[in-house]
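Coordinates from target18.tsv are shown below (TSV, C-alpha atoms).
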```
chain	number	residue	atom	x	y	z
A	1281	MET	CA	-15.23	-4.90	16.67
A	1282	SER	CA	-16.20	-8.18	15.11
A	1283	GLN	CA	-16.45	-8.51	11.39
A	1284	SER	CA	-20.14	-9.37	11.51
A	1285	VAL	CA	-20.93	-6.25	13.54
A	1286	SER	CA	-19.03	-4.01	11.15
A	1287	HIS	CA	-20.99	-5.43	8.23
A	1288	HIS	CA	-24.28	-4.79	9.97
A	1289	GLU	CA	-23.29	-1.22	10.76
A	1290	SER	CA	-22.53	-0.55	7.11
A	1291	ARG	CA	-26.29	-0.24	6.58
A	1292	THR	CA	-27.69	3.27	6.85
A	1293	SER	CA	-31.00	5.09	6.90
A	1294	LEU	CA	-32.12	8.40	5.42
A	1295	ALA	CA	-32.20	9.84	8.97
A	1296	ASP	CA	-28.50	9.02	9.30
A	1297	TYR	CA	-27.75	11.15	6.23
A	1298	ARG	CA	-29.64	14.07	7.78
A	1299	THR	CA	-27.79	13.70	11.09
A	1300	ALA	CA	-24.38	13.62	9.41
A	1301	LEU	CA	-24.89	16.54	7.03
A	1302	THR	CA	-26.48	18.82	9.65
A	1303	THR	CA	-23.68	18.36	12.17
A	1304	ARG	CA	-22.65	21.89	13.08
A	1305	ALA	CA	-18.90	21.44	12.75
A	1306	ALA	CA	-19.28	19.80	9.34
A	1307	ARG	CA	-21.11	22.62	7.57
A	1308	TRP	CA	-18.12	24.73	6.46
A	1309	PRO	CA	-15.93	21.76	5.48
A	1310	VAL	CA	-18.77	20.14	3.53
A	1311	VAL	CA	-19.41	23.27	1.45
A	1312	ALA	CA	-15.69	23.86	0.87
A	1313	ALA	CA	-15.15	20.22	-0.09
A	1314	VAL	CA	-17.92	20.50	-2.67
A	1315	LEU	CA	-16.10	23.40	-4.34
A	1316	ALA	CA	-12.77	21.54	-4.25
A	1317	ARG	CA	-14.12	18.22	-5.55
A	1318	LEU	CA	-16.73	19.47	-8.01
A	1319	PRO	CA	-14.16	20.03	-10.80
A	1320	ILE	CA	-12.25	16.75	-10.33
A	1321	ALA	CA	-13.91	15.03	-13.28
A	1322	MET	CA	-14.11	18.28	-15.21
A	1323	ILE	CA	-10.33	18.84	-14.98
A	1324	GLY	CA	-9.46	15.37	-16.24
A	1325	ILE	CA	-11.88	15.36	-19.16
A	1326	SER	CA	-11.14	19.01	-19.99
A	1327	ALA	CA	-7.42	18.23	-20.19
A	1328	LEU	CA	-8.09	15.18	-22.36
A	1329	LEU	CA	-10.32	17.07	-24.80
A	1330	TYR	CA	-8.13	20.19	-24.75
A	1331	VAL	CA	-4.99	18.26	-25.70
A	1332	GLN	CA	-6.86	16.24	-28.31
A	1333	ARG	CA	-8.20	19.46	-29.85
A	1334	GLU	CA	-4.72	20.99	-30.01
A	1335	THR	CA	-2.82	17.88	-31.19
A	1336	GLY	CA	-5.51	15.99	-33.10
A	1337	SER	CA	-4.48	12.73	-31.40
A	1338	PHE	CA	-6.36	10.69	-28.81
A	1339	ALA	CA	-3.16	8.71	-28.18
A	1340	ILE	CA	-1.25	11.86	-27.10
A	1341	ALA	CA	-4.23	13.12	-25.13
A	1342	GLY	CA	-4.46	9.75	-23.34
A	1343	LEU	CA	-0.77	9.86	-22.43
A	1344	VAL	CA	-1.05	13.41	-21.04
A	1345	SER	CA	-4.15	12.48	-19.06
A	1346	ALA	CA	-2.43	9.34	-17.80
A	1347	GLY	CA	0.57	11.43	-16.69
A	1348	SER	CA	-1.73	13.65	-14.65
A	1349	LEU	CA	-3.33	10.61	-13.03
A	1350	VAL	CA	0.06	9.15	-12.13
A	1351	GLY	CA	0.85	12.44	-10.40
A	1352	VAL	CA	-2.45	12.30	-8.52
A	1353	SER	CA	-1.72	8.73	-7.42
A	1354	VAL	CA	1.62	9.73	-5.89
A	1355	GLY	CA	0.27	12.96	-4.42
A	1356	ALA	CA	-2.65	11.15	-2.76
A	1357	VAL	CA	-0.36	8.97	-0.64
A	1358	VAL	CA	2.22	11.67	0.14
A	1359	GLN	CA	-0.41	14.23	1.07
A	1360	GLY	CA	-2.42	11.64	3.02
A	1361	ARG	CA	0.61	10.76	5.13
A	1362	LEU	CA	1.37	14.45	5.74
A	1363	ILE	CA	-2.25	15.09	6.69
A	1364	ASP	CA	-2.20	12.23	9.21
A	1365	ARG	CA	1.03	13.57	10.67
A	1366	PHE	CA	0.47	17.35	10.70
A	1367	GLY	CA	-3.25	17.86	10.06
A	1368	PRO	CA	-4.69	19.07	6.74
A	1369	THR	CA	-4.29	22.86	6.93
A	1370	ARG	CA	-0.62	23.37	6.05
A	1371	PRO	CA	-0.31	20.61	3.43
A	1372	LEU	CA	-3.46	21.68	1.58
A	1373	LEU	CA	-2.51	25.38	1.51
A	1374	VAL	CA	0.96	24.60	0.13
A	1375	VAL	CA	-0.22	22.27	-2.63
A	1376	ALA	CA	-3.03	24.65	-3.64
A	1377	VAL	CA	-0.43	27.31	-4.48
A	1378	LEU	CA	1.75	24.76	-6.27
A	1379	LEU	CA	-1.27	23.61	-8.31
A	1380	ALA	CA	-1.89	27.12	-9.62
A	1381	LEU	CA	1.75	27.45	-10.69
A	1382	SER	CA	2.06	24.02	-12.31
A	1383	MET	CA	-1.24	24.30	-14.18
A	1384	SER	CA	-0.14	27.66	-15.59
A	1385	ALA	CA	2.99	25.99	-16.94
A	1386	LEU	CA	0.97	23.13	-18.47
A	1387	VAL	CA	-1.48	25.46	-20.24
A	1388	THR	CA	1.42	27.48	-21.61
A	1389	ALA	CA	3.03	24.30	-22.96
A	1390	ILE	CA	-0.19	23.13	-24.59
A	1391	GLU	CA	-0.75	26.51	-26.22
A	1392	SER	CA	2.81	26.54	-27.56
A	1393	HIS	CA	2.34	23.01	-29.01
A	1394	ALA	CA	5.19	21.60	-26.95
A	1395	ALA	CA	6.35	18.03	-27.54
A	1396	THR	CA	4.65	15.12	-25.81
A	1397	ALA	CA	7.85	14.61	-23.80
A	1398	VAL	CA	7.24	18.06	-22.26
A	1399	LEU	CA	3.48	17.81	-21.83
A	1400	VAL	CA	3.48	14.50	-19.95
A	1401	PRO	CA	5.90	15.55	-17.14
A	1402	LEU	CA	4.05	18.85	-16.69
A	1403	ALA	CA	0.75	16.98	-16.49
A	1404	THR	CA	2.29	14.66	-13.91
A	1405	LEU	CA	3.37	17.66	-11.85
A	1406	THR	CA	-0.11	19.18	-11.94
A	1407	GLY	CA	-1.60	15.88	-10.78
A	1408	LEU	CA	0.94	15.68	-7.97
A	1409	THR	CA	-0.12	19.10	-6.69
A	1410	GLU	CA	-3.89	18.60	-6.79
A	1411	PRO	CA	-5.07	19.17	-3.18
A	1412	MET	CA	-6.35	15.90	-1.69
A	1413	VAL	CA	-9.43	17.43	-0.11
A	1414	GLY	CA	-11.30	14.16	-0.72
A	1415	SER	CA	-8.90	12.20	1.52
A	1416	ALA	CA	-9.06	14.83	4.25
A	1417	SER	CA	-12.84	15.18	3.99
A	1418	ARG	CA	-13.41	11.43	4.22
A	1419	ALA	CA	-11.05	11.13	7.22
A	1420	LEU	CA	-12.60	14.19	8.92
A	1421	TRP	CA	-15.90	12.36	9.44
A	1422	GLY	CA	-14.10	9.98	11.82
A	1423	ARG	CA	-13.34	13.01	13.99
A	1424	LEU	CA	-16.77	14.61	13.73
A	1425	LEU	CA	-19.01	11.57	14.29
A	1426	PRO	CA	-18.81	8.47	16.50
A	1427	PRO	CA	-18.99	4.99	14.93
A	1428	GLY	CA	-22.45	4.03	13.75
A	1429	GLY	CA	-25.12	4.88	11.21
A	1430	PRO	CA	-24.45	8.63	10.78
A	1431	ARG	CA	-20.72	8.08	10.18
A	1432	ASN	CA	-21.46	5.34	7.64
A	1433	ALA	CA	-23.99	7.65	5.99
A	1434	ALA	CA	-21.28	10.32	5.79
A	1435	TYR	CA	-18.99	7.86	4.02
A	1436	SER	CA	-21.78	6.99	1.60
A	1437	TYR	CA	-22.38	10.70	1.04
A	1438	GLU	CA	-18.72	11.08	0.08
A	1439	ALA	CA	-19.07	8.37	-2.57
A	1440	ILE	CA	-22.47	9.52	-3.83
A	1441	SER	CA	-21.46	13.19	-4.01
A	1442	MET	CA	-18.42	12.24	-6.04
A	1443	GLU	CA	-20.71	10.58	-8.56
A	1444	VAL	CA	-22.80	13.77	-8.74
A	1445	PHE	CA	-19.58	15.59	-9.57
A	1446	PHE	CA	-18.84	12.98	-12.22
A	1447	ILE	CA	-22.30	13.62	-13.68
A	1448	LEU	CA	-21.67	17.35	-13.94
A	1449	GLY	CA	-17.95	17.33	-14.74
A	1450	PRO	CA	-17.79	15.52	-18.10
A	1451	GLY	CA	-20.89	17.26	-19.40
A	1452	VAL	CA	-19.56	20.70	-18.48
A	1453	ALA	CA	-16.15	19.79	-19.91
A	1454	GLY	CA	-17.73	18.63	-23.16
A	1455	LEU	CA	-19.53	21.94	-23.52
A	1456	LEU	CA	-16.62	24.17	-22.49
A	1457	VAL	CA	-14.20	22.52	-24.92
A	1458	MET	CA	-16.40	23.99	-27.66
A	1459	ALA	CA	-15.86	27.51	-26.26
A	1460	PRO	CA	-13.70	29.95	-28.24
A	1461	TRP	CA	-10.74	28.81	-26.17
A	1462	ALA	CA	-10.59	25.03	-25.60
A	1463	GLY	CA	-8.70	25.43	-22.29
A	1464	THR	CA	-11.59	27.23	-20.58
A	1465	GLY	CA	-12.80	24.15	-18.70
A	1466	LEU	CA	-9.32	23.30	-17.43
A	1467	VAL	CA	-8.66	26.78	-16.02
A	1468	LEU	CA	-12.14	27.11	-14.51
A	1469	GLY	CA	-11.79	23.72	-12.84
A	1470	VAL	CA	-8.44	24.59	-11.28
A	1471	ALA	CA	-9.83	27.90	-10.00
A	1472	LEU	CA	-12.68	26.08	-8.24
A	1473	GLN	CA	-10.35	23.45	-6.82
A	1474	PHE	CA	-7.93	26.08	-5.51
A	1475	THR	CA	-10.72	28.07	-3.84
A	1476	GLY	CA	-12.34	25.02	-2.25
A	1477	ALA	CA	-9.05	23.66	-0.93
A	1478	VAL	CA	-8.14	26.95	0.74
A	1479	LEU	CA	-11.58	27.32	2.33
A	1480	PHE	CA	-11.54	23.71	3.54
A	1481	ALA	CA	-8.06	24.06	5.02
A	1482	LEU	CA	-9.05	27.20	6.94
A	1483	SER	CA	-12.36	25.89	8.33
A	1484	PRO	CA	-12.48	25.68	12.16
A	1485	ALA	CA	-13.05	21.91	12.34
A	1486	VAL	CA	-10.10	21.25	10.05
A	1487	ARG	CA	-7.78	23.65	11.89
A	1488	GLN	CA	-8.53	21.78	15.13
A	1489	TRP	CA	-7.25	18.57	13.54
A	1490	GLY	CA	-3.78	17.92	14.83
A	1491	PRO	CA	-1.41	14.96	14.36
A	1492	VAL	CA	-3.00	11.50	14.72
A	1493	PRO	CA	-1.32	9.38	17.43
A	1494	GLY	CA	-0.09	6.00	16.26
A	1495	SER	CA	0.50	6.90	12.62
A	1496	SER	CA	2.31	4.06	10.86
A	1497	GLY	CA	6.09	4.41	10.62
A	1498	SER	CA	6.31	1.72	7.96
A	1499	LEU	CA	7.51	2.66	4.51
A	1500	LEU	CA	4.26	1.23	3.15
A	1501	GLY	CA	2.22	3.05	5.79
A	1502	ALA	CA	-1.46	2.14	5.57
A	1503	LEU	CA	-0.70	-0.34	2.79
A	1504	ALA	CA	1.23	-2.53	5.27
A	1505	GLY	CA	-2.04	-4.26	6.19
A	1506	PRO	CA	-2.90	-7.25	3.94
A	1507	GLY	CA	-6.55	-6.19	3.79
A	1508	MET	CA	-5.52	-2.76	2.55
A	1509	ARG	CA	-3.50	-4.38	-0.24
A	1510	THR	CA	-6.52	-6.42	-1.31
A	1511	LEU	CA	-8.67	-3.29	-1.23
A	1512	ALA	CA	-6.07	-1.52	-3.38
A	1513	ILE	CA	-6.30	-4.26	-6.02
A	1514	ALA	CA	-10.08	-3.88	-6.09
A	1515	ALA	CA	-9.72	-0.11	-6.47
A	1516	LEU	CA	-7.11	-0.62	-9.20
A	1517	GLY	CA	-9.53	-2.78	-11.20
A	1518	PHE	CA	-12.28	-0.20	-10.74
A	1519	GLY	CA	-9.97	2.49	-12.14
A	1520	VAL	CA	-8.74	0.37	-15.06
A	1521	VAL	CA	-12.28	-0.28	-16.31
A	1522	ILE	CA	-13.29	3.37	-16.04
A	1523	GLY	CA	-10.05	4.52	-17.69
A	1524	PHE	CA	-10.71	2.38	-20.75
A	1525	VAL	CA	-14.25	3.72	-21.05
A	1526	GLU	CA	-13.28	7.39	-20.55
A	1527	VAL	CA	-11.18	7.27	-23.72
A	1528	ALA	CA	-13.35	4.88	-25.75
A	1529	VAL	CA	-16.59	6.83	-25.29
A	1530	PRO	CA	-15.33	10.19	-26.67
A	1531	ALA	CA	-13.71	8.22	-29.50
A	1532	ALA	CA	-17.04	6.53	-30.27
A	1533	ALA	CA	-18.75	9.93	-30.28
A	1534	THR	CA	-16.08	11.30	-32.63
A	1535	GLU	CA	-16.51	8.34	-34.99
A	1536	ALA	CA	-20.26	9.02	-35.02
A	1537	GLY	CA	-19.62	12.64	-36.06
A	1538	SER	CA	-20.63	14.20	-32.73
A	1539	PRO	CA	-17.45	14.82	-30.70
A	1540	SER	CA	-19.09	17.32	-28.34
A	1541	THR	CA	-21.41	14.60	-26.95
A	1542	GLY	CA	-18.52	12.51	-25.59
A	1543	GLY	CA	-18.57	14.25	-22.20
A	1544	LEU	CA	-22.36	14.07	-22.02
A	1545	LEU	CA	-22.26	10.34	-22.69
A	1546	LEU	CA	-19.79	9.88	-19.83
A	1547	SER	CA	-22.29	11.63	-17.57
A	1548	ALA	CA	-24.95	9.08	-18.47
A	1549	TRP	CA	-23.59	6.26	-16.38
A	1550	SER	CA	-23.17	8.53	-13.38
A	1551	LEU	CA	-26.92	9.21	-13.43
A	1552	SER	CA	-27.78	5.59	-12.71
A	1553	SER	CA	-24.78	5.35	-10.38
A	1554	VAL	CA	-26.17	7.99	-8.02
A	1555	ALA	CA	-29.71	6.63	-8.07
A	1556	PHE	CA	-28.62	3.06	-7.44
A	1557	GLY	CA	-25.92	4.14	-4.99
A	1558	VAL	CA	-28.41	5.67	-2.55
A	1559	ALA	CA	-30.55	2.51	-2.59
A	1560	TYR	CA	-27.48	0.32	-2.26
A	1561	SER	CA	-26.24	2.17	0.85
A	1562	LEU	CA	-29.53	1.38	2.60
A	1563	ARG	CA	-29.09	-2.37	2.05
A	1564	PRO	CA	-25.59	-3.28	0.78
A	1565	TRP	CA	-25.02	-6.71	-0.74
A	1566	PRO	CA	-23.19	-9.06	-0.46
A	1567	ARG	CA	-23.02	-8.63	3.31
A	1568	GLN	CA	-19.40	-9.80	3.71
A	1569	LEU	CA	-16.95	-7.14	2.57
A	1570	GLY	CA	-14.45	-9.73	1.41
A	1571	VAL	CA	-17.04	-11.06	-1.01
A	1572	ARG	CA	-18.62	-7.72	-1.83
A	1573	LEU	CA	-15.45	-6.25	-3.35
A	1574	PRO	CA	-14.87	-8.91	-6.06
A	1575	VAL	CA	-18.56	-9.38	-6.81
A	1576	LEU	CA	-19.13	-5.68	-7.49
A	1577	LEU	CA	-15.95	-5.38	-9.59
A	1578	GLY	CA	-16.76	-8.52	-11.58
A	1579	GLY	CA	-20.32	-7.36	-12.19
A	1580	PHE	CA	-19.04	-3.99	-13.36
A	1581	GLY	CA	-16.63	-5.61	-15.80
A	1582	ALA	CA	-19.36	-7.81	-17.20
A	1583	LEU	CA	-21.74	-4.87	-17.73
A	1584	VAL	CA	-19.08	-2.79	-19.47
A	1585	ALA	CA	-18.81	-5.49	-22.15
A	1586	LEU	CA	-22.35	-4.48	-23.21
A	1587	LEU	CA	-21.00	-1.09	-24.35
A	1588	ALA	CA	-19.46	-2.80	-27.38
A	1589	TRP	CA	-22.89	-3.90	-28.63
A	1590	PRO	CA	-24.82	-0.70	-29.64
A	1591	SER	CA	-24.39	0.72	-33.13
A	1592	SER	CA	-25.72	4.20	-32.24
A	1593	LEU	CA	-24.92	6.82	-29.60
A	1594	TRP	CA	-28.43	6.48	-28.18
A	1595	GLY	CA	-27.85	2.77	-27.68
A	1596	LEU	CA	-24.46	3.46	-26.10
A	1597	ALA	CA	-26.08	5.91	-23.67
A	1598	LEU	CA	-28.65	3.29	-22.60
A	1599	MET	CA	-25.95	0.67	-22.02
A	1600	MET	CA	-23.93	3.18	-20.00
A	1601	LEU	CA	-26.93	3.80	-17.78
A	1602	LEU	CA	-27.01	0.07	-17.08
A	1603	ALA	CA	-23.27	-0.30	-16.47
A	1604	GLY	CA	-23.18	2.79	-14.25
A	1605	ALA	CA	-25.40	1.17	-11.63
A	1606	LEU	CA	-22.34	-0.47	-10.04
A	1607	ILE	CA	-20.05	2.58	-9.85
A	1608	THR	CA	-21.16	4.20	-6.57
A	1609	PRO	CA	-21.69	0.83	-4.81
A	1610	GLN	CA	-17.99	0.12	-5.42
A	1611	SER	CA	-16.91	3.53	-4.11
A	1612	THR	CA	-19.08	3.04	-1.03
A	1613	ALA	CA	-17.67	-0.45	-0.48
A	1614	HIS	CA	-14.13	0.94	-0.70
A	1615	SER	CA	-14.89	3.54	1.99
A	1616	THR	CA	-16.52	0.94	4.22
A	1617	ALA	CA	-13.57	-1.41	3.78
A	1618	ILE	CA	-11.11	1.32	4.81
A	1619	GLU	CA	-12.92	1.53	8.15
A	1620	VAL	CA	-12.31	-2.20	8.62
A	1621	VAL	CA	-8.82	-2.88	7.25
A	1622	ALA	CA	-6.79	0.35	7.64
A	1623	PRO	CA	-4.11	0.33	10.38
A	1624	ALA	CA	-4.77	2.71	13.26
A	1625	GLY	CA	-3.90	6.36	12.73
A	1626	THR	CA	-3.74	6.15	8.91
A	1627	ALA	CA	-7.23	7.29	7.88
A	1628	ALA	CA	-6.21	9.97	5.39
A	1629	GLU	CA	-3.31	7.94	4.01
A	1630	ALA	CA	-5.50	4.83	3.66
A	1631	PHE	CA	-7.96	6.76	1.54
A	1632	GLY	CA	-4.96	8.13	-0.35
A	1633	TRP	CA	-3.84	4.58	-1.20
A	1634	VAL	CA	-7.32	3.77	-2.50
A	1635	LEU	CA	-7.29	6.93	-4.59
A	1636	THR	CA	-3.80	6.05	-5.79
A	1637	ALA	CA	-4.93	2.60	-6.87
A	1638	VAL	CA	-7.94	4.05	-8.71
A	1639	THR	CA	-5.88	6.71	-10.47
A	1640	LEU	CA	-3.14	4.27	-11.45
A	1641	GLY	CA	-5.88	2.11	-12.90
A	1642	LEU	CA	-7.30	5.10	-14.72
A	1643	ALA	CA	-3.86	5.96	-16.08
A	1644	ALA	CA	-3.28	2.41	-17.31
A	1645	GLY	CA	-6.76	2.12	-18.76
A	1646	GLN	CA	-6.63	5.46	-20.54
A	1647	SER	CA	-3.17	4.99	-22.02
A	1648	ILE	CA	-3.91	1.46	-23.27
A	1649	SER	CA	-7.38	2.45	-24.45
A	1650	GLY	CA	-5.96	5.32	-26.51
A	1651	TYR	CA	-3.76	2.84	-28.38
A	1652	VAL	CA	-6.55	0.27	-28.80
A	1653	VAL	CA	-9.02	2.91	-30.04
A	1654	GLU	CA	-6.65	4.15	-32.73
A	1655	HIS	CA	-5.72	0.65	-33.93
A	1656	ALA	CA	-8.87	-1.44	-33.37
A	1657	GLY	CA	-11.74	0.92	-32.54
A	1658	PRO	CA	-13.84	1.79	-29.45
A	1659	GLY	CA	-15.74	-1.53	-29.45
A	1660	VAL	CA	-12.56	-3.54	-28.87
A	1661	ALA	CA	-11.55	-1.12	-26.11
A	1662	PHE	CA	-14.85	-1.77	-24.30
A	1663	LEU	CA	-14.26	-5.54	-24.48
A	1664	ALA	CA	-10.69	-5.12	-23.24
A	1665	ALA	CA	-12.00	-3.11	-20.28
A	1666	SER	CA	-14.40	-5.93	-19.43
A	1667	VAL	CA	-11.69	-8.59	-19.53
A	1668	ALA	CA	-9.37	-6.50	-17.33
A	1669	GLY	CA	-12.12	-5.96	-14.76
A	1670	LEU	CA	-13.03	-9.65	-14.61
A	1671	VAL	CA	-9.40	-10.77	-14.25
A	1672	LEU	CA	-8.72	-8.37	-11.36
A	1673	ALA	CA	-12.04	-9.34	-9.74
A	1674	LEU	CA	-10.82	-12.94	-9.74
A	1675	VAL	CA	-7.61	-11.86	-7.99
A	1676	VAL	CA	-9.61	-10.02	-5.32
A	1677	TRP	CA	-11.85	-13.07	-4.89
A	1678	LEU	CA	-8.81	-15.25	-4.19
A	1679	LEU	CA	-7.62	-12.73	-1.55
A	1680	ARG	CA	-11.04	-12.12	0.02
A	1681	GLY	CA	-10.01	-13.72	3.33
A	1682	THR	CA	-7.61	-10.85	4.06
A	1683	VAL	CA	-10.47	-8.34	4.34
A	1684	ARG	CA	-11.07	-8.52	8.08
A	1685	ALA	CA	-11.15	-6.17	11.03
A	1686	PRO	CA	-7.90	-5.33	12.85
A	1687	ARG	CA	-7.50	-6.55	16.42
A	1688	SER	CA	-7.81	-3.06	17.84
A	1689	ALA	CA	-8.13	0.44	16.51
A	1690	PRO	CA	-8.08	3.55	18.72
A	1691	VAL	CA	-10.82	6.05	17.96
A	1692	PRO	CA	-9.64	9.61	17.16
A	1693	GLU	CA	-10.72	12.39	19.50
A	1694	LEU	CA	-13.99	13.85	18.27
A	1695	VAL	CA	-14.20	17.53	17.32
A	1696	ASN	CA	-16.76	19.42	19.35
A	1697	ALA	CA	-19.89	19.89	17.23
```
The structure given in the file should be rewritten as structure tokens.
Amino acid sequence: MSQSVSHHESRTSLADYRTALTTRAARWPVVAAVLARLPIAMIGISALLYVQRETGSFAIAGLVSAGSLVGVSVGAVVQGRLIDRFGPTRPLLVVAVLLALSMSALVTAIESHAATAVLVPLATLTGLTEPMVGSASRALWGRLLPPGGPRNAAYSYEAISMEVFFILGPGVAGLLVMAPWAGTGLVLGVALQFTGAVLFALSPAVRQWGPVPGSSGSLLGALAGPGMRTLAIAALGFGVVIGFVEVAVPAAATEAGSPSTGGLLLSAWSLSSVAFGVAYSLRPWPRQLGVRLPVLLGGFGALVALLAWPSSLWGLALMMLLAGALITPQSTAHSTAIEVVAPAGTAAEAFGWVLTAVTLGLAAGQSISGYVVEHAGPGVAFLAASVAGLVLALVVWLLRGTVRAPRSAPVPELVNA
């Protein structure tokens, strides 16, 4: 496939969305994936607010949250490679059980006011065992639909639906942390994720998914391709910027005397992200993926700088609506780029590397932002996020020539719909 053709096919129509989501074999996995992915944002923010409530420190809460994200980043690649090799059913069932056990240990440690040196490794373990239903779900579409508009619409749906979850998750987490027990949101989120992962793993379409021929034997796996490495840098920058903001916004709300609104404020930029993301998928710009990745990241970094300007929470919410417009377009561009640059037979692992890059960025952004917030204030953290995003966008711009289609890529056998 030529690069110009792949760019043209990245455009979708509303009819393509309907075709993808009404595919018979996709119905059970789609519903199960919603349950598994709905609490993703809720778990992270719930853990952050829960630890902060128990310890009284955003710095400790940021370190614990960062530890969880580091675990997710490792688990995404390991689980993705196992899914490509064995299919999703066995790996997802095993890690779902391990998640329940590790999260129980983490909650016990938080309740007993264990030292940070205990909390961080336990949080890392829980992140490691989070079932990577998102990687499997995204890769499953390549088995359910042939190349073209409906498959691209399915990839856009994956990105847009994640933003819907990010709208609901922080807001729900912000409310549940005010419950009689501050760990309510964390436990509820894990219960939903466990249930969704098990249902997804046992769905007929997923159980038909066997090993993918041609899976990479390289130690780097999907990341062996130069285009994948460039995509990973773009995803890293995306995560860094969001990580800074996810700590700075609750801190700004706390400074303003309204800590419970921190999660609701984080939902604000997801509102514009979803609305703009649907429009963007119909006519993506810039057309060339190699240019699109740095332009979207750079624009995002520039908009985040505006968050340092408002002096009220209402003003901060308005600026977040503006900055959020470029969140889903980046997620959609990442999914589209995977289709172009990932080595053959590494679909789940390739998405795992993107998720790893994002979560490592989140971990770095959150941990640094926690320090900056406590020593210089939320406004400086917003500016630091902007600078980090712009610098990494420049790196991606310099590497834009590596984002090109592979010479050949075998198409996986389609599941009967």
Around all of stretch 1674-1681 of chain A's listed atoms, make the axis-aligned box with 4 Å on each side and tell me centre and edge lengths in Å to one decimal, as JSON.
```
{"center_x": -9.7, "center_y": -12.6, "center_z": -3.2, "size_x": 12.2, "size_y": 13.2, "size_z": 21.1}
```
Mind running stretch 1368-1486 of chain A against stretch 1622-1640 of chain A at 7 Å and telling me each contacting residue's nearest atom pair with the distance in Å (one decimal), counting only C-alpha atoms, chain and number ascending, as CSV?
```
residue,atom,partner,partner_atom,distance
A:Ser1415,CA,A:Ala1628,CA,5.2
A:Ala1416,CA,A:Ala1628,CA,5.7
A:Ala1419,CA,A:Ala1628,CA,5.3
```
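Going from atom CA of A:Trp1677 over to atom CA of A:Val1571, you cover 6.8 Å.
Counting only C-alpha atoms, the residue from A:Leu1596, A:Ala1664, A:Val1558, A:Gly1449 that sits nearest to A:Val1652 is A:Ala1664.
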(message) Please compute the atom CA of A:Thr1292-atom CA of A:Pro1564 distance, one decimal, in Å.
(response) 9.2 Å
(message) Just checking: using all atoms listed in the file, which residue out of A:Met1412, A:Ala1582, A:Leu1472, A:Val1331 ends up closest to A:Thr1388?
(response) A:Val1331
(request) Pick out the residues sitting within 12 Å of A:Leu1468, and hand them over as an MDAnalysis selection string; count all atoms listed in the file, and ignore anything fewer than 6 positions along from it in its own chain. (result) chainID A and resid 1315:1316 1318:1320 1322:1323 1326:1327 1380 1383 1449 1452:1453 1456:1457 1461:1462 1474:1475
(request) Can you pull out every residue within 7 Å of A:Ser1552, counting all atoms listed in the file, but drop anything in the same chain fewer than 5 positions away, and send it as a PyMOL selection string? (result) chain A and resi 1601+1604-1605
(message) At a cut-off of 6 Å around the point (-6.3, 13.4, -12.5) (file coordinates), what residues fall inside when counting all atoms listed in the file? I'd like the answer as a ChimeraX atom specification.
(response) /A:1324,1348-1349,1352,1407
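Restricting the calculation to only C-alpha atoms, the smallest distance between A:Thr1335 and any of A:Ala1389, A:Ala1555, A:Ala1306, A:Ile1440 is found for A:Ala1389.
The nearest approach to A:Pro1484 among the residues A:Ala1305, A:Ala1559, A:Met1442, A:Leu1425, with only C-alpha atoms taken into account, belongs to A:Ala1305.
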(request) Determine the nearest neighbour of A:Val1653 from the options A:Val1529, A:Ala1673, A:Arg1423, A:Glu1619, counting only C-alpha atoms. (result) A:Val1529
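Closest to A:Leu1587 among A:Ala1532, A:Leu1674, A:Ala1356, A:Leu1386 is A:Ala1532, based on all atoms listed in the file.
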(message) Report, in Å with one decimal, the straight-line distance from atom CA of A:Phe1480 to atom CA of A:His1614.
(response) 23.3 Å
(message) At a cut-off of 9 Å, using only C-alpha atoms, what residues contact stretch 1391-1394 of chain A? Leave out same-chain residues fewer than 4 positions from it and give the result as number ranges by chain.
(response) A: 1334-1335, 1386-1387, 1398-1399, 1463
(request) Anything within 8 Å of (0.7, 23.2, -8.7): list those residues as a ChimeraX atom specification, counting only C-alpha atoms and sticking to the file's coordinates. (result) /A:1375-1383,1405-1410
Please, can stretch 1416-1422 of chain A be completed to N, CA and C atoms and returned as a tab-separated table (two decimals), in the coordinates of the input?
```tsv
chain	number	residue	atom	x	y	z
A	1416	ALA	N	-8.89	14.13	2.98
A	1416	ALA	CA	-9.06	14.83	4.25
A	1416	ALA	C	-10.53	14.87	4.66
A	1417	SER	N	-11.41	15.11	3.69
A	1417	SER	CA	-12.84	15.18	3.99
A	1417	SER	C	-13.36	13.84	4.49
A	1418	ARG	N	-12.96	12.76	3.81
A	1418	ARG	CA	-13.41	11.43	4.22
A	1418	ARG	C	-12.90	11.10	5.62
A	1419	ALA	N	-11.63	11.42	5.91
A	1419	ALA	CA	-11.05	11.13	7.22
A	1419	ALA	C	-11.64	12.04	8.30
A	1420	LEU	N	-12.06	13.25	7.94
A	1420	LEU	CA	-12.60	14.19	8.92
A	1420	LEU	C	-13.85	13.65	9.60
A	1421	TRP	N	-14.66	12.88	8.85
A	1421	TRP	CA	-15.90	12.36	9.44
A	1421	TRP	C	-15.61	11.48	10.66
A	1422	GLY	N	-14.46	10.80	10.66
A	1422	GLY	CA	-14.10	9.98	11.82
A	1422	GLY	C	-13.81	10.81	13.05
```
